[in-house]
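K.L.:
Below are the structure tokens for one structure; questions will follow.
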Amino acid sequence: MSETSRVGDLVVTQDREFQQRSWMVQRIGWVIMLIIVVAALLGVFGRGMLSHATAGHADGPVYIEYERFTRHQSATTLRLHLAPGLAQKGMLRVMLGRDYIQGVNLRDITPEPDFVDAGHEWLVYAFRVLDPTEPVIIVFHIEPDASGLRSGQVGLEGWLPVEFWQFVFP
Amino acid sequence: MDTIIRAAIVYIAILVIFRMAGQRSVANITTFDLVLTLIISEAIQEGLIDQDHSFTNAMLLVVTLIGLDIALSLIKQRSQRIQKILEGTPLVIIEEGRVRRDYLDKERVDLGDILEAARDRLSMLSLEEIRYAILEKNGTITIIPKERQKD
């Protein structure tokens with residue numbers, strides 16, 4: 001039997017204290033929602049100012065642009081800038097850590113590699129180069145499959161790989 | 001397994017978010033609210049389905065959601081407190097003819113809404129005929145008229 005109270009002649013289960021607390025909780029909820037929207041606009045949940053990141057040195061062999069925050073099954077890109085003069089016999093061999101690849105769905109690679117060498121820890125993508133004296137940009141279009149904090153390694157064969165971290169929102 | 005968890009989280013999240021919006025938002029069927037309902041259904045669809053278009057997934061989702069609904073209704077029955085938290089309480093917005101403006105502001109209801117309810121249910125002409133007006137849990141407004149003066 002639910003308790004009832006009276007407001008004058010009216011019998012109704014009004015609860016003033018609860019109501020006041022409700023309103024306060026609602027207001028707090030609004031503030032939280034506002035914070036979420038602002039954070040999202042800034043890129044905290046991916047695709048924004050705060051999520052765009054780079055790793056590696058601009059004057060090093062490999063320099064990557066990636067999103068440090070991204071979302072499950074949401075398209076994102078890994079953009080590799082390869083310095084000129086590093087091609088061996090007209091080919092550039094790009095290594096990607098297997099751990100990272102395992103957690104993503106690789107949709108597309110622009111340009112397409114000539115062939116891929118599969119290794120235990122690395123996958124090596126071989127690209128033919130038009131002009132070895134020019135820098136090359138390679139873009140991996142990926143959709144993260146696994147959520148959470150992921151670490152990735154990418155580099156040019158024969159050089160120290162670049163490490164990066166990515167947080168994937170579910 | 002993650003279908004079940006996903007469904008539970010989405011259900012609870014939507015429940016919480018709608019409670020934050022207040023009682024009024026869910027009741028009114030104006031164009032404004034219709035658009036909102038339509039778009040929200042679309043928005044959560046892919047999140048629930050997650051590219052799994054199998055019949056099994058669909059059934060799992062339905063069972064989980066109905067199951068949650070039943071579980072919550074059982075819990076509400078046992079605990080008054082939880083019922084208040086999930087559904088809210090009625091609120092008297094006109095008391096013996098006096099309008100509680102502070103309550104109206106807090107719940108973002110205006111006199112127009114009250115008059116509309118009065119016209120709709122009781123064919124009333126104006127606020128003067130209203131003795132009590134209550135904003136119910138589901139967002140509708142119920143009216144108790146003043147006794148008509150017998151001439």
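Ordering of the structure tokens sets the chain letters (A, B, ...), residue numbers begin anew at 1 in every chain, and ligands are numbered from 1 in the order given.
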Got a sec to pull out which chain A residues are within 9 Å of chain B, counting only C-alpha atoms, and send them as a VMD selection string?
P.N.:
chain A and resid 2 to 3 7 to 8 10 12 to 16 18 to 19 22 to 23 25 to 30 33 73
K.L.:
From a backbone DSSP assignment, name each residue in range 15-144 of chain B labelled strand (DSSP E), as a PyMOL selection string.
P.N.:
chain B and resi 91-95+98-99+130-135+141-144
K.L.:
Create the file for the chosen residues now, containing N, CA and C atoms and written as a PDB file, in the first residue's frame.
P.N.:
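The resulting result-v5.pdb:
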ATOM      1  N   LEU B  91       2.795  16.050  -8.739  1.00  0.00           N
ATOM      2  CA  LEU B  91       3.112  17.357  -8.178  1.00  0.00           C
ATOM      3  C   LEU B  91       1.886  18.247  -8.302  1.00  0.00           C
ATOM      4  N   VAL B  92       1.472  18.840  -7.187  1.00  0.00           N
ATOM      5  CA  VAL B  92       0.288  19.689  -7.226  1.00  0.00           C
ATOM      6  C   VAL B  92       0.696  21.079  -7.692  1.00  0.00           C
ATOM      7  N   ILE B  93       0.256  21.464  -8.877  1.00  0.00           N
ATOM      8  CA  ILE B  93       0.704  22.753  -9.402  1.00  0.00           C
ATOM      9  C   ILE B  93      -0.326  23.871  -9.223  1.00  0.00           C
ATOM     10  N   ILE B  94      -1.598  23.494  -8.999  1.00  0.00           N
ATOM     11  CA  ILE B  94      -2.559  24.521  -8.580  1.00  0.00           C
ATOM     12  C   ILE B  94      -3.251  23.973  -7.336  1.00  0.00           C
ATOM     13  N   GLU B  95      -3.201  24.760  -6.289  1.00  0.00           N
ATOM     14  CA  GLU B  95      -3.705  24.305  -5.000  1.00  0.00           C
ATOM     15  C   GLU B  95      -4.802  25.249  -4.552  1.00  0.00           C
ATOM     16  N   ARG B  98      -4.832  28.449  -6.249  1.00  0.00           N
ATOM     17  CA  ARG B  98      -3.582  29.212  -6.255  1.00  0.00           C
ATOM     18  C   ARG B  98      -2.557  28.510  -7.147  1.00  0.00           C
ATOM     19  N   VAL B  99      -1.988  29.274  -8.070  1.00  0.00           N
ATOM     20  CA  VAL B  99      -1.001  28.679  -8.970  1.00  0.00           C
ATOM     21  C   VAL B  99       0.374  28.664  -8.311  1.00  0.00           C
ATOM     22  N   ILE B 130     -10.639  26.149 -11.889  1.00  0.00           N
ATOM     23  CA  ILE B 130      -9.792  25.030 -11.464  1.00  0.00           C
ATOM     24  C   ILE B 130      -9.540  25.099  -9.966  1.00  0.00           C
ATOM     25  N   ARG B 131      -9.838  23.979  -9.295  1.00  0.00           N
ATOM     26  CA  ARG B 131      -9.526  23.936  -7.876  1.00  0.00           C
ATOM     27  C   ARG B 131      -8.126  23.369  -7.648  1.00  0.00           C
ATOM     28  N   TYR B 132      -7.893  22.215  -8.255  1.00  0.00           N
ATOM     29  CA  TYR B 132      -6.558  21.599  -8.164  1.00  0.00           C
ATOM     30  C   TYR B 132      -6.098  21.214  -9.557  1.00  0.00           C
ATOM     31  N   ALA B 133      -4.812  21.381  -9.776  1.00  0.00           N
ATOM     32  CA  ALA B 133      -4.238  20.842 -11.013  1.00  0.00           C
ATOM     33  C   ALA B 133      -3.017  20.058 -10.592  1.00  0.00           C
ATOM     34  N   ILE B 134      -2.913  18.821 -11.094  1.00  0.00           N
ATOM     35  CA  ILE B 134      -1.790  17.970 -10.679  1.00  0.00           C
ATOM     36  C   ILE B 134      -1.010  17.533 -11.900  1.00  0.00           C
ATOM     37  N   LEU B 135       0.292  17.688 -11.802  1.00  0.00           N
ATOM     38  CA  LEU B 135       1.168  17.175 -12.850  1.00  0.00           C
ATOM     39  C   LEU B 135       1.474  15.736 -12.477  1.00  0.00           C
ATOM     40  N   ILE B 141      -1.540  16.308 -17.175  1.00  0.00           N
ATOM     41  CA  ILE B 141      -2.046  17.192 -16.124  1.00  0.00           C
ATOM     42  C   ILE B 141      -3.491  16.814 -15.852  1.00  0.00           C
ATOM     43  N   THR B 142      -3.806  16.552 -14.600  1.00  0.00           N
ATOM     44  CA  THR B 142      -5.199  16.256 -14.260  1.00  0.00           C
ATOM     45  C   THR B 142      -5.781  17.436 -13.476  1.00  0.00           C
ATOM     46  N   ILE B 143      -7.073  17.641 -13.689  1.00  0.00           N
ATOM     47  CA  ILE B 143      -7.718  18.845 -13.145  1.00  0.00           C
ATOM     48  C   ILE B 143      -8.876  18.452 -12.254  1.00  0.00           C
ATOM     49  N   ILE B 144      -8.966  19.099 -11.102  1.00  0.00           N
ATOM     50  CA  ILE B 144     -10.144  18.961 -10.241  1.00  0.00           C
ATOM     51  C   ILE B 144     -10.863  20.302 -10.272  1.00  0.00           C
TER      52      ILE B 144
END
K.L.:
DSSP on the backbone, helix (DSSP H, G or I) only: what residues of range 40-121 of chain B does that give? Format it as a PyMOL selection string.
P.N.:
chain B and resi 40-49+55-78+80-87+101-107+111-121
K.L.:
Counting only C-alpha atoms, which of A:Gly152, A:Gln166, A:Ala87, A:His120 gets nearest to Pro132 in chain A?
P.N.:
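For Pro132 in chain A, the nearest of the candidates is A:Ala87.
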K.L.:
I want to know what sits within 9 Å of Ile142 in chain A, based on only C-alpha atoms, with residues of the same chain fewer than 6 positions away left out; could you give that as a VMD selection string?
P.N.:
chain A and resid 73 to 78 104 to 109
